[in-house]
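Have a look at start.txt below; it lists compact mmCIF, C-alpha atoms.
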# COMPACT_ATOMS: atom_id res chain seq x y z
CA MET Z 19 126.25 107.91 59.09
CA THR Z 20 127.79 110.69 61.12
CA MET Z 21 124.84 112.89 60.27
CA ASP Z 22 122.39 110.18 61.30
CA LEU Z 23 124.03 109.60 64.66
CA ALA Z 24 124.53 113.26 65.57
CA PRO Z 25 120.99 114.00 66.80
CA GLU Z 26 121.10 110.96 69.06
CA TYR Z 27 124.33 112.13 70.68
CA ASP Z 28 122.89 115.62 71.17
CA GLU Z 29 119.86 114.09 72.86
CA GLU Z 30 122.11 112.00 75.13
CA ALA Z 31 124.08 115.11 76.13
CA ARG Z 32 120.84 116.89 76.92
CA LEU Z 33 119.55 113.99 79.01
CA SER Z 34 122.84 113.97 80.91
CA ALA Z 35 122.44 117.68 81.65
CA GLN Z 36 118.86 117.00 82.78
CA ALA Z 37 120.10 114.27 85.16
CA VAL Z 38 122.63 116.68 86.68
CA LEU Z 39 119.85 119.25 87.05
CA ALA Z 40 117.60 116.67 88.78
CA GLN Z 41 120.38 115.69 91.16
CA GLN Z 42 120.92 119.34 92.11
CA VAL Z 43 117.18 119.63 92.82
CA ARG Z 44 117.50 116.65 95.22
CA GLU Z 45 120.20 118.62 97.07
CA LEU Z 46 117.89 121.64 97.07
CA MET Z 47 115.01 119.54 98.48
CA ASP Z 48 117.17 118.47 101.43
CA ALA Z 49 118.29 122.08 101.93
CA VAL Z 50 114.63 123.21 102.00
CA VAL Z 51 113.50 120.74 104.65
CA LEU Z 52 116.60 121.41 106.80
CA THR Z 53 116.97 125.15 106.34
CA ASP Z 54 117.00 127.48 109.31
CA VAL Z 55 117.54 130.78 107.47
CA PRO Z 56 115.34 133.80 108.28
CA GLU Z 57 111.87 134.17 106.78
CA ASP Z 58 112.84 136.96 104.38
CA GLU Z 59 115.69 134.89 102.99
CA MET Z 60 113.30 131.95 102.36
CA THR Z 61 110.96 134.33 100.56
CA ALA Z 62 113.81 135.76 98.47
CA VAL Z 63 114.96 132.26 97.45
CA THR Z 64 111.36 131.33 96.58
CA ALA Z 65 111.15 134.29 94.19
CA GLU Z 66 114.35 133.18 92.46
CA LEU Z 67 112.95 129.65 92.15
CA VAL Z 68 109.79 130.99 90.50
CA ALA Z 69 111.97 132.57 87.81
CA LEU Z 70 114.06 129.41 87.30
CA THR Z 71 110.91 127.27 87.07
CA GLU Z 72 109.61 129.56 84.33
CA ARG Z 73 112.90 129.25 82.42
CA LEU Z 74 112.58 125.46 82.44
CA LYS Z 75 108.95 125.68 81.34
CA ALA Z 76 109.91 127.74 78.27
CA ALA Z 77 109.96 124.41 76.39
CA ARG Z 78 107.96 121.61 77.89
CA ARG Z 79 107.20 117.95 77.06
CA ASP Z 80 103.68 116.57 77.45
CA ARG Z 81 104.96 113.86 79.79
CA PRO Z 82 108.15 112.79 81.58
CA PRO Z 83 110.76 110.80 79.57
CA VAL Z 84 109.18 107.39 78.81
CA PRO Z 85 110.65 103.90 79.23
CA GLU Z 86 113.03 103.01 76.39
CA LEU Z 87 115.42 100.30 75.31
CA THR Z 88 118.89 101.74 74.62
CA ARG Z 89 122.21 100.23 73.57
CA ASN Z 90 122.99 99.96 77.28
CA GLY Z 91 119.74 98.29 78.26
CA PHE Z 92 116.34 99.38 79.52
CA ARG Z 93 115.96 102.74 81.24
CA HIS Z 94 113.17 105.02 82.37
CA LEU Z 95 114.65 108.44 83.07
CA GLY Z 96 111.32 109.99 84.07
CA ASN Z 97 110.29 107.26 86.54
CA ALA Z 98 109.20 108.39 90.02
CA VAL Z 99 111.49 105.83 91.72
CA THR Z 100 114.35 105.09 89.31
CA GLY Z 101 114.42 108.08 86.98
CA ALA Z 102 117.73 109.96 86.90
CA CYS Z 103 115.90 112.94 85.35
CA ASN Z 104 113.14 112.95 87.99
CA PRO Z 105 114.00 114.76 91.26
CA HIS Z 106 111.34 112.72 93.10
CA ALA Z 107 113.32 109.53 92.43
CA LEU Z 108 115.94 108.34 94.94
CA PRO Z 109 116.99 107.36 92.23
CA LEU Z 110 116.94 103.61 92.73
CA VAL Z 111 119.82 102.07 90.73
CA ILE Z 112 119.34 98.31 90.36
CA GLU Z 113 121.96 95.75 89.40
CA ARG Z 114 121.77 92.02 88.81
CA ASP Z 115 122.73 90.29 92.07
CA PRO Z 116 125.57 87.79 91.55
CA GLU Z 117 123.58 85.52 93.89
CA GLY Z 118 120.54 85.88 91.60
CA GLY Z 119 117.75 88.42 91.41
CA SER Z 120 118.04 92.19 91.80
CA ARG Z 121 120.20 94.24 94.14
CA ALA Z 122 120.49 97.97 94.91
CA ASP Z 123 122.81 99.95 97.14
CA LEU Z 124 120.64 102.65 98.69
CA GLU Z 125 121.10 105.73 100.78
CA PHE Z 126 117.96 107.53 101.88
CA ARG Z 127 117.92 111.29 102.47
CA PRO Z 128 116.49 113.69 105.09
CA THR Z 129 113.52 114.30 102.76
CA HIS Z 130 112.52 110.65 103.34
CA GLU Z 131 111.97 111.07 107.08
CA GLY Z 132 108.85 109.65 108.74
CA PRO Z 133 109.39 108.78 112.41
CA PRO Z 134 112.25 110.89 113.83
CA ASP Z 135 115.65 109.85 112.39
CA SER Z 136 113.97 107.09 110.35
CA VAL Z 137 112.81 106.57 106.81
CA HIS Z 138 109.02 106.76 106.31
CA GLY Z 139 107.52 103.27 106.05
CA GLY Z 140 105.71 104.33 102.89
CA VAL Z 141 109.03 105.28 101.26
CA SER Z 142 110.40 101.80 102.03
CA ALA Z 143 107.22 100.31 100.49
CA MET Z 144 107.67 102.46 97.38
CA ILE Z 145 111.26 101.27 96.88
CA LEU Z 146 110.36 97.61 97.48
CA ASP Z 147 107.47 97.77 95.00
CA HIS Z 148 109.88 98.74 92.26
CA LEU Z 149 112.69 96.42 93.31
CA LEU Z 150 110.37 93.40 93.37
CA GLY Z 151 109.05 94.31 89.92
CA ASP Z 152 112.62 94.41 88.63
CA ALA Z 153 113.27 90.93 90.04
CA VAL Z 154 110.40 89.63 87.89
CA ALA Z 155 112.27 90.85 84.82
CA ALA Z 156 115.55 89.46 86.21
CA ALA Z 157 113.85 86.05 86.28
CA GLY Z 158 113.02 86.37 82.58
CA ARG Z 159 109.34 86.95 83.33
CA ALA Z 160 107.07 89.95 82.78
CA GLY Z 161 104.33 91.36 84.95
CA MET Z 162 102.58 94.20 86.73
CA THR Z 163 102.27 94.30 90.53
CA GLY Z 164 99.09 92.46 91.56
CA THR Z 165 99.57 92.44 95.31
CA LEU Z 166 102.41 93.70 97.49
CA SER Z 167 102.82 92.84 101.19
CA ILE Z 168 105.29 94.65 103.39
CA ARG Z 169 106.43 93.60 106.84
CA TYR Z 170 108.20 96.24 108.93
CA ARG Z 171 110.81 94.71 111.27
CA ARG Z 172 113.11 97.53 112.35
CA ARG Z 173 113.46 101.24 111.66
CA VAL Z 174 115.29 102.15 108.42
CA PRO Z 175 117.98 104.81 108.85
CA TYR Z 176 118.76 107.57 106.33
CA GLY Z 177 122.10 109.15 105.51
CA GLN Z 178 123.89 105.80 105.62
CA PRO Z 179 124.15 102.82 103.27
CA VAL Z 180 121.46 100.13 103.22
CA VAL Z 181 120.90 97.34 100.71
CA GLY Z 182 117.81 96.33 98.73
CA ARG Z 183 117.47 92.80 97.36
CA ALA Z 184 114.71 90.88 95.57
CA ALA Z 185 114.36 87.59 93.74
CA ALA Z 186 111.58 85.51 92.19
CA THR Z 187 110.66 82.48 94.28
CA ARG Z 188 107.98 80.78 92.15
CA ALA Z 189 106.23 81.07 88.79
CA GLU Z 190 102.97 79.53 87.65
CA GLY Z 191 101.20 80.46 84.43
CA ARG Z 192 100.80 84.25 84.40
CA LYS Z 193 101.80 84.58 88.07
CA THR Z 194 105.26 85.25 89.49
CA TRP Z 195 106.00 85.47 93.23
CA VAL Z 196 108.90 87.58 94.45
CA ASP Z 197 110.49 88.14 97.87
CA GLY Z 198 112.59 91.17 98.79
CA THR Z 199 114.22 93.00 101.69
CA ILE Z 200 115.83 96.22 102.78
CA SER Z 201 118.75 95.35 105.08
CA LEU Z 202 121.72 96.88 106.80
CA PRO Z 203 125.05 96.11 105.09
CA ASP Z 204 125.67 93.48 107.82
CA GLY Z 205 122.57 91.58 106.67
CA THR Z 206 120.16 92.67 109.44
CA VAL Z 207 116.74 92.71 107.81
CA LEU Z 208 114.80 95.95 108.32
CA VAL Z 209 111.83 95.51 105.99
CA GLU Z 210 110.54 92.42 104.15
CA ALA Z 211 108.25 92.29 101.13
CA THR Z 212 106.42 89.67 99.10
CA GLY Z 213 104.81 90.46 95.78
CA LEU Z 214 102.59 88.65 93.32
CA PHE Z 215 103.07 89.87 89.77
CA ILE Z 216 100.63 89.15 86.96
CA THR Z 217 101.47 89.06 83.26
CA PRO Z 218 98.87 91.17 81.43
CA THR Z 219 97.00 89.12 78.82
CA PRO Z 220 98.40 91.00 75.77
CA TRP Z 221 101.94 90.11 76.93
CA VAL Z 222 101.39 86.39 77.48
CA ASN Z 223 102.34 85.35 73.96
CA ALA Z 224 105.60 87.30 74.25
CA ILE Z 225 106.87 85.34 77.25
CA PRO Z 226 109.27 82.49 76.71
CA GLU Z 227 107.82 79.35 78.34
CA MET Q 1 102.81 137.78 127.93
CA THR Q 2 103.24 139.61 124.63
CA MET Q 3 106.98 139.12 124.90
CA ASP Q 4 106.49 135.43 125.60
CA LEU Q 5 104.25 134.87 122.59
CA ALA Q 6 106.25 136.91 120.10
CA PRO Q 7 108.90 134.27 119.31
CA GLU Q 8 106.20 131.68 118.62
CA TYR Q 9 104.48 133.93 116.09
CA ASP Q 10 107.80 134.62 114.39
CA GLU Q 11 108.40 130.88 114.16
CA GLU Q 12 104.96 130.35 112.63
CA ALA Q 13 105.62 133.03 110.02
CA ARG Q 14 108.91 131.37 109.17
CA LEU Q 15 107.30 127.93 108.86
CA SER Q 16 104.68 129.44 106.54
CA ALA Q 17 107.45 130.87 104.38
CA GLN Q 18 109.15 127.47 104.39
CA ALA Q 19 105.90 125.80 103.23
CA VAL Q 20 105.61 128.29 100.36
CA LEU Q 21 109.24 127.57 99.46
CA ALA Q 22 108.60 123.80 99.50
CA GLN Q 23 105.52 124.20 97.27
CA GLN Q 24 107.58 126.18 94.77
CA VAL Q 25 110.18 123.38 94.76
CA ARG Q 26 107.37 120.91 93.87
CA GLU Q 27 106.56 123.12 90.87
CA LEU Q 28 110.27 123.15 90.02
CA MET Q 29 110.44 119.32 90.25
CA ASP Q 30 107.64 118.99 87.68
CA ALA Q 31 109.34 121.56 85.46
CA VAL Q 32 112.61 119.57 85.63
CA VAL Q 33 111.09 116.24 84.61
CA LEU Q 34 109.03 117.88 81.82
CA THR Q 35 111.53 120.42 80.51
CA ASP Q 36 112.58 120.43 76.88
CA VAL Q 37 114.93 123.46 76.96
CA PRO Q 38 118.40 123.21 75.37
CA GLU Q 39 121.29 121.61 77.22
CA ASP Q 40 123.11 124.88 77.91
CA GLU Q 41 119.98 126.35 79.48
CA MET Q 42 119.63 123.31 81.77
CA THR Q 43 123.26 123.73 82.79
CA ALA Q 44 122.77 127.46 83.44
CA VAL Q 45 119.71 126.79 85.62
CA THR Q 46 121.65 124.10 87.51
CA ALA Q 47 124.37 126.61 88.36
CA GLU Q 48 121.78 129.03 89.74
CA LEU Q 49 120.26 126.21 91.83
CA VAL Q 50 123.67 125.43 93.32
CA ALA Q 51 123.87 129.03 94.55
CA LEU Q 52 120.31 128.98 95.97
CA THR Q 53 120.96 125.65 97.72
CA GLU Q 54 124.00 127.19 99.40
CA ARG Q 55 121.95 130.18 100.54
CA LEU Q 56 119.46 127.85 102.24
CA LYS Q 57 122.29 125.87 103.83
CA ALA Q 58 123.71 129.03 105.44
CA ALA Q 59 121.70 128.05 108.53
CA ARG Q 60 120.76 124.41 108.84
CA ARG Q 61 118.84 122.22 111.31
CA ASP Q 62 120.15 118.78 112.26
CA ARG Q 63 116.91 117.15 111.13
CA PRO Q 64 113.64 118.06 109.40
CA PRO Q 65 110.87 119.68 111.51
CA VAL Q 66 109.65 117.00 113.96
CA PRO Q 67 106.09 115.93 114.84
CA GLU Q 68 104.42 118.36 117.22
CA LEU Q 69 101.10 119.05 118.87
CA THR Q 70 99.92 122.61 118.18
CA ARG Q 71 96.83 124.62 119.07
CA ASN Q 72 95.36 123.39 115.77
CA GLY Q 73 96.17 119.72 116.29
CA PHE Q 74 98.97 117.35 115.40
CA ARG Q 75 101.29 118.19 112.50
CA HIS Q 76 104.58 116.97 111.07
CA LEU Q 77 105.86 119.62 108.69
CA GLY Q 78 109.01 117.66 107.79
CA ASN Q 79 107.27 114.36 107.01
CA ALA Q 80 108.12 112.68 103.68
CA VAL Q 81 104.43 112.16 102.84
CA THR Q 82 102.44 114.82 104.71
CA GLY Q 83 104.99 117.54 105.44
CA ALA Q 84 104.09 120.97 104.04
CA CYS Q 85 107.75 122.01 104.49
CA ASN Q 86 109.10 118.90 102.71
CA PRO Q 87 109.16 119.10 98.87
CA HIS Q 88 109.15 115.28 98.67
CA ALA Q 89 105.67 115.20 100.26
CA LEU Q 90 102.58 115.30 98.04
CA PRO Q 91 101.69 116.69 100.63
CA LEU Q 92 98.98 114.36 101.82
CA VAL Q 93 96.31 116.40 103.68
CA ILE Q 94 94.05 114.14 105.73
CA GLU Q 95 90.63 114.97 107.17
CA ARG Q 96 88.22 113.02 109.31
CA ASP Q 97 85.71 111.34 107.02
CA PRO Q 98 82.11 112.20 108.01
CA GLU Q 99 81.40 108.48 107.35
CA GLY Q 100 84.16 107.51 109.80
CA GLY Q 101 87.90 107.04 109.40
CA SER Q 102 90.29 109.19 107.38
CA ARG Q 103 89.84 110.83 104.01
CA ALA Q 104 92.12 112.78 101.67
CA ASP Q 105 91.52 114.55 98.38
CA LEU Q 106 94.60 113.85 96.28
CA GLU Q 107 96.06 114.99 93.00
CA PHE Q 108 99.24 113.28 91.88
CA ARG Q 109 101.83 115.08 89.75
CA PRO Q 110 103.98 114.27 86.68
CA THR Q 111 106.88 113.51 89.06
CA HIS Q 112 104.84 110.53 90.33
CA GLU Q 113 104.77 108.75 86.97
CA GLY Q 114 105.56 105.03 86.74
CA PRO Q 115 103.85 103.33 83.78
CA PRO Q 116 103.13 105.92 81.06
CA ASP Q 117 100.37 108.37 82.10
CA SER Q 118 99.95 106.52 85.43
CA VAL Q 119 101.07 106.95 89.01
CA HIS Q 120 103.87 104.59 90.10
CA GLY Q 121 102.45 101.70 92.14
CA GLY Q 122 105.06 102.38 94.82
CA VAL Q 123 103.80 105.96 95.18
CA SER Q 124 100.26 104.66 95.74
CA ALA Q 125 101.66 102.25 98.36
CA MET Q 126 103.50 105.12 100.08
CA ILE Q 127 100.34 107.22 100.33
CA LEU Q 128 98.22 104.30 101.57
CA ASP Q 129 100.79 103.40 104.25
CA HIS Q 130 100.38 106.85 105.76
CA LEU Q 131 96.62 107.09 105.27
CA LEU Q 132 96.04 103.74 106.99
CA GLY Q 133 98.26 104.81 109.89
CA ASP Q 134 96.18 107.94 110.28
CA ALA Q 135 92.99 105.85 110.43
CA VAL Q 136 94.44 104.03 113.45
CA ALA Q 137 94.64 107.37 115.23
CA ALA Q 138 91.15 108.31 113.96
CA ALA Q 139 89.88 105.18 115.73
CA GLY Q 140 91.40 106.39 118.99
CA ARG Q 141 94.15 103.77 118.81
CA ALA Q 142 97.93 104.07 118.44
CA GLY Q 143 100.35 101.97 116.47
CA MET Q 144 103.20 101.54 114.03
CA THR Q 145 102.72 99.73 110.70
CA GLY Q 146 103.37 96.01 111.22
CA THR Q 147 102.28 94.70 107.84
CA LEU Q 148 100.82 96.46 104.82
CA SER Q 149 99.21 94.68 101.87
CA ILE Q 150 98.37 96.49 98.66
CA ARG Q 151 96.20 95.22 95.83
CA TYR Q 152 96.45 97.03 92.51
CA ARG Q 153 93.13 96.99 90.61
CA ARG Q 154 93.37 99.74 87.98
CA ARG Q 155 95.90 102.35 86.92
CA VAL Q 156 95.95 105.55 89.01
CA PRO Q 157 95.92 108.76 86.94
CA TYR Q 158 97.84 111.92 87.79
CA GLY Q 159 96.87 115.53 87.16
CA GLN Q 160 93.27 114.90 88.17
CA PRO Q 161 91.44 114.45 91.48
CA VAL Q 162 91.36 111.07 93.21
CA VAL Q 163 90.25 110.20 96.75
CA GLY Q 164 92.02 108.30 99.53
CA ARG Q 165 90.01 106.69 102.33
CA ALA Q 166 90.88 104.44 105.28
CA ALA Q 167 89.14 103.17 108.40
CA ALA Q 168 89.85 100.72 111.20
CA THR Q 169 87.92 97.47 110.85
CA ARG Q 170 88.95 95.56 113.98
CA ALA Q 171 91.00 95.93 117.17
CA GLU Q 172 92.33 93.25 119.49
CA GLY Q 173 94.84 93.92 122.27
CA ARG Q 174 97.80 95.74 120.73
CA LYS Q 175 96.63 95.07 117.17
CA THR Q 176 94.49 97.25 114.94
CA TRP Q 177 93.40 96.28 111.41
CA VAL Q 178 92.70 98.99 108.85
CA ASP Q 179 91.36 98.94 105.28
CA GLY Q 180 91.88 101.71 102.76
CA THR Q 181 91.50 102.63 99.10
CA ILE Q 182 92.48 105.09 96.42
CA SER Q 183 89.44 105.67 94.20
CA LEU Q 184 88.17 107.89 91.42
CA PRO Q 185 85.70 110.56 92.61
CA ASP Q 186 82.87 108.35 91.23
CA GLY Q 187 83.85 105.60 93.67
CA THR Q 188 85.71 103.29 91.25
CA VAL Q 189 88.39 101.59 93.34
CA LEU Q 190 91.90 101.82 91.87
CA VAL Q 191 94.06 100.47 94.71
CA GLU Q 192 93.10 98.64 97.91
CA ALA Q 193 95.15 98.25 101.08
CA THR Q 194 94.94 96.38 104.35
CA GLY Q 195 97.24 97.12 107.25
CA LEU Q 196 97.94 95.60 110.63
CA PHE Q 197 99.18 98.16 113.14
CA ILE Q 198 100.89 97.25 116.41
CA THR Q 199 100.98 99.39 119.53
CA PRO Q 200 104.60 99.50 120.75
CA THR Q 201 104.91 98.19 124.31
CA PRO Q 202 105.90 101.54 125.88
CA TRP Q 203 102.68 103.06 124.55
CA VAL Q 204 100.29 100.38 125.80
CA ASN Q 205 99.61 102.01 129.15
CA ALA Q 206 98.77 105.28 127.40
CA ILE Q 207 95.91 103.79 125.35
CA PRO Q 208 92.37 104.15 126.62
CA GLU Q 209 90.77 100.69 126.81

Would you mind writing the file out in structure tokens?
Amino acid sequence: MTMDLAPEYDEEARLSAQAVLAQQVRELMDAVVLTDVPEDEMTAVTAELVALTERLKAARRDRPPVPELTRNGFRHLGNAVTGACNPHALPLVIERDPEGGSRADLEFRPTHEGPPDSVHGGVSAMILDHLLGDAVAAAGRAGMTGTLSIRYRRRVPYGQPVVGRAAATRAEGRKTWVDGTISLPDGTVLVEATGLFITPTPWVNAIPE
Amino acid sequence: MTMDLAPEYDEEARLSAQAVLAQQVRELMDAVVLTDVPEDEMTAVTAELVALTERLKAARRDRPPVPELTRNGFRHLGNAVTGACNPHALPLVIERDPEGGSRADLEFRPTHEGPPDSVHGGVSAMILDHLLGDAVAAAGRAGMTGTLSIRYRRRVPYGQPVVGRAAATRAEGRKTWVDGTISLPDGTVLVEATGLFITPTPWVNAIPE
């Protein structure tokens, strides 16, 4: 048994190291967009990054880590929005909301800037797309995003806590409707979203009625 | 005059170096999410990245490079979606479509993965939000995104060329409606978007009727 479990633990340790690496790259990304060092220093750092990129490419997967069901639930470490091992991801960490649906404590970064001092509207849309999809699963349903509608109410700040929430509002056959928001911690709504999620035909038989 | 212009040229050279740095970080991001090197090598690379991040932080701006009008037109080097100096940005490079509106040749990356082998729907939404906003400007109008609706038709591939297009369809007072798509080069539509853009009150007097 010990022999059987050992490779799994090694893989977990490696994925943890990859998540730490990805988090450091997020710090680097902020440093890049905010840096004010002289040109020759930027060029020197770039050369070092070329070498480090090559070291990481010495062994390479065909694709990012795929979605998987683990002992601790579903995870997708390579996902562009939630993946701990993907530097592009915030990462969005979603919990079940005690009031129902899905909830995430968020803090956007300088790399997410659109209008001055504000998060890019497209970044808010990206986060809401995923959060609403999670709320479909939270409702015991399954589906892919069919349509997503976003309403922008107020600017979204970065570098301070905001809250994402989403919950299913209605289900009918293969369709599930979900509402979601990004809000300030005091409840002020900044962005609203509504999504219609469709269960792909091959999945229909797998859904509990 | 030469003395007056010199600082501007220095600044341009530095911004070019920063764009090269940001592009290298995009390569690094892909290498991170795809790497299969041993744990101790990931940890060693992380340590080197900590040191490089500190070097870039030795001189730091308060915020990413802001939108500006240059001799070559409008640019926003720090933008989360279009910014050449922001590693989070694709970057989206938009041109005027000879057929009217805005057009962009795109190629998504492994860091944009959502469903296996496909671009995350939220990433498509993020790109369309910006592209539709640009089409408002292309129509000689001005506005912030009020609502954005996305319809997902087919999976979006990464690592191969796709095309983004958007154009204003209607204008009425402070409102401008825009339609857009992400398509395969053969014209097959993958994602559709409609946006309603609102001219903020302080801008209204600045808009040509």

Padded axis-aligned box of segment 152-171 of chain Z (8 Å per side), centre and edge lengths, Å, one decimal, as AutoDock Vina command-line options:
--center_x 107.3 --center_y 91.1 --center_z 96.9 --size_x 32.5 --size_y 26.2 --size_z 44.7

Residues of chain Z within 6 Å of chain Q, counting all atoms listed in the file - could you list those as number ranges by chain? Z: 32, 39, 46-47, 49, 51-55, 57, 64, 71, 74-75, 77-79, 82, 97-98, 103-105, 129-132, 140-141, 144, 147, 164-170

May I have the residues at most 10 Å from (104.7, 82.4, 87.3) in the file's coordinates, counting all atoms listed in the file, as number ranges by chain? Z: 154, 157, 159-161, 186-196, 214-217, 227

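Residues in contact range of Pro98 of chain Q, defined as at most 12 Å between all atoms listed in the file, with sequence neighbours fewer than 5 positions away removed, read Arg103, Ala104, Ala138, Arg165 and Ala167 of chain Q.
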
Taking (121.0, 96.2, 90.8) in the file's coordinates as the center, which residues reach within 10 Å of it, counting all atoms listed in the file, put as a list of chain:residue names?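 Checking each residue against the 10 Å limit leaves Z:Leu110, Z:Val111, Z:Ile112, Z:Glu113, Z:Arg114, Z:Asp115, Z:Pro116, Z:Gly119, Z:Ser120, Z:Arg121, Z:Ala122, Z:Asp123, Z:Leu149, Z:Asp152, Z:Ala153, Z:Ala156, Z:Val181, Z:Gly182, Z:Arg183, Z:Ala184.
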
Can you measure atom CA of Gln160 of chain Q to atom CA of Phe126 of chain Z for me? One decimal in Å is fine.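 Distance between the two atoms: 29.2 Å.
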
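Here atom CA of Ser118 of chain Q stands at a distance of 5.5 Å from atom CA of Val156 of chain Q.
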
Computed interatomic separation between atom CA of Arg93 of chain Z and atom CA of Pro109 of chain Z (Å):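 These atoms are spaced 12.0 Å apart.
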
For a quick check of understanding, using only C-alpha atoms, which of Z:Leu202, Z:Val180, Z:Leu87, Z:Leu108 has the smallest distance to Leu124 of chain Z?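 So, comparing all the options, the nearest one is Z:Val180.
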